[in-house]
$ cat run_13.cif   # mmCIF, C-alpha atoms
data_my_file
loop_
_atom_site.label_atom_id
_atom_site.label_comp_id
_atom_site.auth_asym_id
_atom_site.auth_seq_id
_atom_site.Cartn_x
_atom_site.Cartn_y
_atom_site.Cartn_z
CA MET A 529 -0.33 4.78 28.80
CA ARG A 530 -3.68 6.49 29.28
CA GLY A 531 -4.67 9.43 27.12
CA ASP A 532 -7.60 11.82 27.02
CA GLY A 533 -9.23 9.70 24.32
CA ASP A 534 -9.66 6.68 26.59
CA GLY A 535 -13.31 6.09 27.34
CA TRP A 536 -16.47 4.50 26.00
CA VAL A 537 -18.83 6.07 23.49
CA HIS A 538 -22.45 4.92 23.19
CA CYS A 539 -23.19 4.85 19.47
CA ALA A 540 -26.40 5.24 17.48
CA ASP A 541 -26.72 1.48 16.94
CA GLY A 542 -26.85 0.83 20.69
CA GLN A 543 -23.29 -0.51 20.86
CA ARG A 544 -20.54 1.01 22.96
CA ARG A 545 -17.16 1.58 21.33
CA TRP A 546 -13.79 2.50 22.75
CA GLY A 547 -12.38 5.93 22.01
CA ARG A 548 -13.90 9.30 22.91
CA PHE A 549 -12.47 10.76 19.68
CA GLY A 550 -12.69 7.59 17.62
CA ALA A 551 -10.06 4.91 17.23
CA ALA A 552 -7.39 3.76 14.79
CA GLY A 553 -5.47 0.58 14.04
CA LEU A 554 -2.39 -0.33 12.01
CA LEU A 555 -2.70 -2.81 9.16
CA LEU A 556 0.95 -3.67 8.60
CA ARG A 557 1.96 -5.82 5.64
CA ALA A 558 5.30 -7.39 4.78
CA PRO A 559 6.47 -9.96 2.24
CA GLY A 560 6.43 -13.53 3.54
CA PRO A 561 9.03 -16.19 2.68
CA ALA A 562 7.56 -16.71 -0.81
CA GLY A 563 6.94 -13.00 -1.43
CA ASP A 564 3.20 -13.12 -0.74
CA PRO A 565 1.84 -10.62 1.81
CA VAL A 566 1.62 -11.38 5.52
CA LEU A 567 -0.18 -9.17 8.05
CA LEU A 568 0.49 -8.49 11.70
CA LEU A 569 -2.61 -9.50 13.68
CA GLN A 570 -3.38 -9.32 17.38
CA HIS A 571 -5.20 -12.11 19.23
CA ARG A 572 -6.93 -10.05 21.87
CA ALA A 573 -6.56 -11.09 25.51
CA ALA A 574 -9.68 -12.67 27.01
CA TRP A 575 -10.24 -9.82 29.49
CA THR A 576 -10.38 -7.12 26.79
CA HIS A 577 -13.45 -5.90 24.90
CA HIS A 578 -14.11 -8.51 22.17
CA GLY A 579 -11.50 -10.70 23.85
CA GLY A 580 -10.54 -13.88 22.03
CA CYS A 581 -10.98 -12.32 18.58
CA TRP A 582 -8.30 -11.41 16.07
CA GLY A 583 -7.85 -7.85 14.91
CA LEU A 584 -5.34 -5.07 14.37
CA PRO A 585 -3.10 -3.45 16.97
CA GLY A 586 -4.90 -0.22 17.71
CA GLY A 587 -6.88 1.84 20.15
CA ALA A 588 -8.38 5.19 21.07
CA ARG A 589 -7.28 8.42 19.42
CA ASN A 590 -6.40 11.31 21.67
CA SER A 591 -7.70 14.83 21.09
CA GLY A 592 -5.78 16.52 18.29
CA GLU A 593 -4.07 13.26 17.32
CA SER A 594 -4.15 12.15 13.70
CA ALA A 595 -5.31 8.65 12.86
CA ALA A 596 -1.84 7.76 11.58
CA ASP A 597 -0.14 8.99 14.75
CA ALA A 598 -2.63 7.08 16.90
CA ALA A 599 -2.25 3.84 14.94
CA VAL A 600 1.55 3.98 15.00
CA ARG A 601 1.58 4.83 18.71
CA GLU A 602 -0.78 1.96 19.55
CA ALA A 603 1.23 -0.50 17.43
CA GLY A 604 4.31 0.53 19.38
CA GLU A 605 2.56 0.08 22.73
CA GLU A 606 0.80 -3.20 21.91
CA ALA A 607 3.29 -4.87 19.56
CA GLY A 608 6.62 -3.06 19.95
CA ILE A 609 6.62 -1.90 16.31
CA ASP A 610 9.41 0.56 15.53
CA PRO A 611 7.87 3.43 13.49
CA ALA A 612 11.19 4.03 11.74
CA ARG A 613 10.88 0.61 10.07
CA ILE A 614 7.49 1.08 8.41
CA GLN A 615 6.21 3.02 5.39
CA LEU A 616 2.73 4.51 5.66
CA ILE A 617 0.57 3.82 2.59
CA GLY A 618 -2.86 5.31 3.23
CA GLU A 619 -5.98 5.30 5.38
CA ARG A 620 -9.52 3.96 5.25
CA THR A 621 -12.14 5.31 7.67
CA ALA A 622 -15.38 3.56 8.63
CA HIS A 623 -18.40 4.78 10.60
CA PRO A 624 -19.89 1.44 11.71
CA ALA A 625 -22.87 3.01 13.48
CA SER A 626 -23.43 5.72 10.85
CA ASP A 627 -22.78 8.41 13.45
CA THR A 628 -19.76 10.53 14.38
CA TRP A 629 -17.69 7.69 15.90
CA SER A 630 -15.12 6.37 13.44
CA PHE A 631 -12.42 3.74 13.15
CA THR A 632 -9.55 4.47 10.79
CA THR A 633 -7.43 1.66 9.41
CA VAL A 634 -3.95 2.98 8.65
CA LEU A 635 -2.16 0.87 6.04
CA ALA A 636 1.61 0.46 6.13
CA ASP A 637 4.36 -1.75 4.73
CA ALA A 638 7.55 -3.18 6.19
CA ILE A 639 10.36 -4.71 4.15
CA GLU A 640 10.15 -7.90 6.25
CA PRO A 641 8.05 -9.29 9.12
CA LEU A 642 9.28 -7.26 12.08
CA PRO A 643 9.97 -8.64 15.56
CA VAL A 644 7.07 -8.02 17.94
CA THR A 645 6.61 -7.76 21.69
CA ALA A 646 3.12 -8.26 23.12
CA ASN A 647 1.73 -6.28 26.03
CA GLN A 648 -1.03 -7.37 28.40
CA GLU A 649 -3.77 -6.65 25.84
CA SER A 650 -2.58 -9.46 23.56
CA ALA A 651 -2.87 -13.19 23.99
CA GLU A 652 -0.70 -13.52 20.88
CA LEU A 653 0.77 -11.50 18.04
CA ARG A 654 1.21 -13.30 14.75
CA TRP A 655 2.24 -12.59 11.16
CA VAL A 656 -0.58 -14.20 9.17
CA GLY A 657 -0.70 -14.93 5.44
CA GLU A 658 -3.27 -12.70 3.77
CA ALA A 659 -5.11 -15.71 2.35
CA GLU A 660 -5.54 -17.09 5.88
CA VAL A 661 -7.02 -13.99 7.52
CA ALA A 662 -10.67 -14.68 6.66
CA GLY A 663 -10.44 -18.10 8.31
CA LEU A 664 -9.69 -16.64 11.75
CA ASP A 665 -12.24 -15.62 14.36
CA LEU A 666 -12.08 -11.92 13.53
CA HIS A 667 -13.36 -8.93 15.45
CA LEU A 668 -16.78 -8.33 13.89
CA GLU A 669 -16.01 -4.87 12.54
CA PHE A 670 -12.61 -5.91 11.21
CA ALA A 671 -14.32 -8.85 9.50
CA ALA A 672 -16.79 -6.45 7.88
CA SER A 673 -14.03 -4.17 6.57
CA TRP A 674 -11.55 -6.89 5.57
CA PRO A 675 -12.86 -7.50 2.00
CA ALA A 676 -12.15 -3.85 1.15
CA LEU A 677 -8.71 -3.91 2.79
CA ARG A 678 -7.23 -7.05 1.27
CA THR A 679 -4.92 -6.84 -1.72
CA ARG A 680 -4.90 -8.53 -5.09
CA ALA A 681 -1.70 -9.51 -6.87
CA VAL A 682 -0.71 -7.08 -9.62
CA THR A 683 2.27 -6.76 -11.93
CA LEU A 684 3.86 -3.34 -12.24
CA VAL A 685 4.86 -2.41 -15.81
CA VAL A 686 7.14 0.64 -15.77
CA ASP A 687 7.72 3.04 -18.66
CA ALA A 688 11.31 3.77 -17.60
CA ALA A 689 11.83 6.64 -20.05
CA ASN A 690 8.78 8.45 -18.71
CA VAL A 691 9.56 7.91 -15.02
CA VAL A 692 13.24 8.81 -15.36
CA GLY A 693 12.38 11.85 -17.45
CA SER A 694 10.09 13.22 -14.72
CA VAL A 695 13.06 14.05 -12.46
CA PRO A 696 15.48 16.80 -13.64
CA ASP A 697 18.57 15.15 -12.18
CA GLY A 698 20.76 15.17 -15.28
CA TRP A 699 19.46 11.84 -16.59
CA TRP A 700 20.00 13.03 -20.18
CA ARG A 701 23.77 12.92 -19.66
CA ASP A 702 23.74 9.22 -18.72
CA ARG A 703 20.50 7.50 -19.68
CA ALA A 704 21.79 4.02 -18.85
CA GLY A 705 22.97 5.17 -15.42
CA ALA A 706 19.61 6.81 -14.70
CA ALA A 707 17.80 3.63 -15.75
CA GLU A 708 20.01 1.53 -13.48
CA ARG A 709 19.25 3.81 -10.52
CA LEU A 710 15.53 3.35 -11.19
CA LEU A 711 15.93 -0.43 -11.28
CA ARG A 712 17.74 -0.42 -7.95
CA ARG A 713 15.09 1.80 -6.34
CA LEU A 714 12.44 -0.65 -7.50
CA VAL A 715 14.29 -3.62 -6.04
CA ALA A 716 14.61 -1.77 -2.71
CA THR A 717 10.90 -0.90 -2.69
CA LEU A 718 9.22 -4.15 -3.76
CA PRO A 719 7.19 -6.11 -2.83
CA CYS A 720 4.77 -3.48 -1.56
CA THR A 721 1.16 -2.34 -1.29
CA LEU A 722 -0.21 -0.08 -4.01
CA VAL A 723 -3.35 2.07 -3.73
CA LEU A 724 -5.70 1.30 -6.64
CA PRO A 725 -8.98 2.91 -7.78
CA THR A 726 -10.90 0.01 -6.26
CA GLY A 727 -8.95 -1.37 -3.34
CA TYR A 728 -5.29 -2.29 -3.02
CA GLY A 729 -2.72 -4.22 -5.00
CA TRP A 730 0.26 -6.25 -3.85
CA VAL A 731 3.15 -5.65 -6.24
CA ARG A 732 5.42 -8.65 -6.21
CA ARG A 733 6.52 -8.71 -9.86
CA CYS A 734 7.79 -5.74 -11.82
CA VAL A 735 8.59 -5.40 -15.53
CA VAL A 736 10.63 -2.37 -16.62
CA VAL A 737 10.74 -1.44 -20.31
CA LEU A 738 13.95 0.25 -21.47
CA GLU A 739 14.49 1.86 -24.86
CA GLY A 740 17.24 3.61 -26.78
CA ARG A 741 20.48 4.33 -24.97
CA ALA A 742 18.91 3.34 -21.64
CA SER A 743 18.76 -0.24 -22.92
CA THR A 744 22.46 -0.68 -22.14
CA ALA A 745 21.72 -0.52 -18.40
CA PRO A 746 22.66 -3.80 -16.69
CA ASP A 747 20.07 -6.24 -15.39
CA VAL A 748 19.35 -5.93 -11.67
CA PRO A 749 18.15 -9.11 -9.91
CA GLY A 750 14.60 -8.75 -8.62
CA VAL A 751 13.22 -6.82 -11.60
CA THR A 752 12.41 -8.13 -15.08
CA VAL A 753 13.96 -5.89 -17.75
CA VAL A 754 12.53 -5.82 -21.28
CA ARG A 755 14.61 -3.98 -23.87
CA ALA A 756 12.43 -2.54 -26.61
CA PRO A 757 13.70 -3.41 -30.10
CA GLY A 758 12.04 -0.28 -31.44
CA SER A 759 9.29 1.86 -29.94
CA GLY A 760 9.14 1.65 -26.17
CA ASP A 761 5.41 2.41 -26.27
CA ASP A 762 4.76 -0.53 -28.61
CA THR A 763 6.64 -2.85 -26.28
CA ILE A 764 4.79 -1.60 -23.19
CA VAL A 765 1.43 -2.20 -24.89
CA GLN A 766 2.51 -5.75 -25.76
CA VAL A 767 3.76 -6.47 -22.24
CA ALA A 768 0.60 -5.07 -20.65
CA ARG A 769 -1.62 -7.20 -22.89
CA ALA A 770 0.25 -10.33 -21.79
CA GLU A 771 -0.28 -9.63 -18.07
CA PRO A 772 -3.67 -10.64 -16.61
CA ASP A 773 -3.70 -7.86 -13.99
CA CYS A 774 -1.14 -5.11 -14.39
CA VAL A 775 -0.59 -1.48 -13.45
CA VAL A 776 1.27 0.58 -16.04
CA VAL A 777 3.43 3.42 -14.75
CA THR A 778 3.45 6.22 -17.33
CA ALA A 779 2.35 9.83 -17.68
CA ASP A 780 2.21 9.52 -21.48
CA ARG A 781 -1.41 10.19 -22.44
CA GLY A 782 -0.94 8.71 -25.89
CA LEU A 783 0.39 5.48 -24.42
CA ARG A 784 -2.37 5.31 -21.80
CA ALA A 785 -4.97 5.63 -24.57
CA ARG A 786 -3.51 2.54 -26.27
CA LEU A 787 -3.80 0.30 -23.21
CA ARG A 788 -6.60 -2.21 -23.19
CA THR A 789 -9.78 -1.28 -21.35
CA GLY A 790 -9.53 -2.18 -17.67
CA THR A 791 -5.79 -1.61 -17.42
CA THR A 792 -4.84 0.71 -14.56
CA ALA A 793 -2.34 3.49 -15.30
CA LEU A 794 -0.44 5.60 -12.80
CA GLY A 795 -0.43 9.14 -14.17
CA SER A 796 1.97 12.05 -13.95
CA SER A 797 0.31 13.48 -10.83
CA ALA A 798 1.61 10.47 -8.94
CA LEU A 799 5.24 11.15 -9.76
CA GLY A 800 5.76 14.19 -7.58
CA SER A 801 3.79 13.50 -4.41
CA SER A 802 4.63 11.41 -1.38
CA ALA A 803 1.26 11.87 0.28
CA PRO A 804 -0.84 8.73 0.22
CA GLY A 805 -4.45 9.37 -0.55
CA PRO A 806 -7.52 8.21 -2.39
CA SER A 807 -7.28 7.45 -6.06
CA ALA A 808 -8.27 10.12 -8.53
CA PRO A 809 -10.85 8.82 -11.00
CA GLY A 810 -9.86 8.56 -14.61
CA PRO A 811 -11.91 9.55 -17.64
CA SER A 812 -15.45 8.23 -17.80
CA ALA A 813 -15.01 7.07 -21.38
CA PRO A 814 -13.88 3.46 -21.90
CA GLY A 815 -10.18 3.07 -21.28
CA PRO A 816 -7.69 2.65 -18.46
CA SER A 817 -8.36 4.21 -15.08
CA VAL A 818 -5.74 6.64 -13.77
CA VAL A 819 -4.55 6.58 -10.18
CA GLY A 820 -3.62 9.75 -8.33
CA PRO A 821 -0.88 10.35 -5.71
CA SER A 822 1.05 7.23 -4.76
CA THR A 823 3.71 6.68 -2.15
CA LEU A 824 5.33 4.07 -4.39
CA LEU A 825 5.62 6.44 -7.34
CA ALA A 826 7.04 9.20 -5.17
CA ARG A 827 9.76 6.82 -4.04
CA LEU A 828 10.51 5.82 -7.63
CA ALA A 829 10.76 9.45 -8.69
CA SER A 830 13.19 10.32 -5.89
CA PRO A 831 16.77 10.81 -7.07
#

$ encode --input "run_13.cif" --output "structure tokens"
Amino acid sequence: MRGDGDGWVHCADGQRRWGRFGAAGLLLRAPGPAGDPVLLLQHRAAWTHHGGCWGLPGGARNSGESAADAAVREAGEEAGIDPARIQLIGERTAHPASDTWSFTTVLADAIEPLPVTANQESAELRWVGEAEVAGLDLHLEFAASWPALRTRAVTLVVDAANVVGSVPDGWWRDRAGAAERLLRRLVATLPCTLVLPTGYGWVRRCVVVLEGRASTAPDVPGVTVVRAPGSGDDTIVQVARAEPDCVVVTADRGLRARLRTGTTALGSSALGSSAPGPSAPGPSAPGPSVVGPSTLLARLASP
């Protein structure tokens, strides 16, 4: 379907690019059979611009259309992706010619590799393991942006008392029940992409620390539960030290200060917002960096 954004733009570097108002593409991740991330890639038909290369489903933005709306629309047209089955994570915009033309990569997750239907612009659509992407013949500008878009494996360490306590849903009347609800929300959410201060993480493993009366909550398959014998904070510090690359979910400033330097912490500002966005920098002094609004944390904080 043609829109008012269809058309070529001659950019400052002498190249022509498609999209009178810029362009957008959908980078859709899902867990593969072993839980590692796979991406939906498009092998562009030979007759298209940059035909024969691999890239993202995407295309021109129309006037007044957001990057997210454009990317989701194009993924529907070119790959048959149902927007109701994806969760938007965030955006990353590039100006490859250092002028006004831009391409926005819209990141999203699905709970499983979705069925796809190719249109005439695709020679093939394929779910590709993230580790295999760099080995394909990529569209030049996608190849340039890929290192900043790929994920690294991280373990999520959750301070259950802090997360549960952020939602006034009567958790104090049944701490074990509130903890169990949190565990089940985590299982329903993971694996997933997480916005980090420098790039993106793929959360495949999650450790939840319970303390006090919440410790009687039952185990839920898919999440590792650690029951603190005493102080929950002490146990979280120990668990975080044992993980090579972890993200600690807590708004407790005292606990964050005890984490080893280089550990990422998701702060209290993340617990109440569902809007994905750039990470908020943490304190400049040595210590853990603190991430701002996070779609994942908003889902965990939902009753």

$ residues_near_point --input "run_13.cif" --point "(16.3, 11.3, -18.5)" --cutoff "12 Å" --atoms "only C-alpha atoms" --output "PyMOL selection string"
chain A and resi 687-710+738-742+829+831

$ closest_residue --input "run_13.cif" --among "A:Cys539, A:Ala651, A:Ala598, A:Val634" --to "Trp575 of chain A" --atoms "only C-alpha atoms"
A:Ala651

$ closest_residue --input "run_13.cif" --among "A:Leu635, A:Leu724, A:Leu584, A:Ile614" --to "His667 of chain A" --atoms "only C-alpha atoms"
A:Leu584

$ resolve_selection --input "run_13.cif" --expression "the PyMOL selection byres ((chain A and resi 564) around 12)" --output "PyMOL selection string"
chain A and resi 557-563+565-567+640-641+655-660+679-682+718-721+729-733

$ closest_residue --input "run_13.cif" --among "A:Ala770, A:Ala625, A:Ala552, A:Val765" --to "Arg786 of chain A" --atoms "only C-alpha atoms"
A:Val765

$ resolve_selection --input "run_13.cif" --expression "the PyMOL selection byres ((chain A and resi 747-764) around 7)" --output "compact mmCIF listing (two decimals) with C-alpha atoms, keeping the file's coordinate frame"
# COMPACT_ATOMS: atom_id res chain seq x y z
CA LEU A 711 15.93 -0.43 -11.28
CA ARG A 712 17.74 -0.42 -7.95
CA VAL A 715 14.29 -3.62 -6.04
CA CYS A 734 7.79 -5.74 -11.82
CA VAL A 735 8.59 -5.40 -15.53
CA VAL A 736 10.63 -2.37 -16.62
CA VAL A 737 10.74 -1.44 -20.31
CA LEU A 738 13.95 0.25 -21.47
CA GLU A 739 14.49 1.86 -24.86
CA SER A 743 18.76 -0.24 -22.92
CA ALA A 745 21.72 -0.52 -18.40
CA PRO A 746 22.66 -3.80 -16.69
CA VAL A 765 1.43 -2.20 -24.89
CA GLN A 766 2.51 -5.75 -25.76
CA VAL A 767 3.76 -6.47 -22.24
CA ALA A 768 0.60 -5.07 -20.65
CA LEU A 783 0.39 5.48 -24.42

$ residues_around --input "run_13.cif" --residues "Leu616 of chain A" --least-positions-apart "3" --cutoff "10 Å" --atoms "all atoms listed in the file" --output "MDAnalysis selection string"
chainID A and resid 554:556 596 600 611 619 634:638 721 803:804 823

$ atom_distance --input "run_13.cif" --atom1 "atom CA of Trp536 of chain A" --atom2 "atom CA of Asn647 of chain A"
21.2 Å

$ atom_distance --input "run_13.cif" --atom1 "atom CA of Gln648 of chain A" --atom2 "atom CA of Ser630 of chain A"
24.7 Å

$ closest_residue --input "run_13.cif" --among "A:Ala612, A:Ala588, A:Ala574, A:Val723" --to "Arg545 of chain A" --atoms "all atoms listed in the file"
A:Ala588
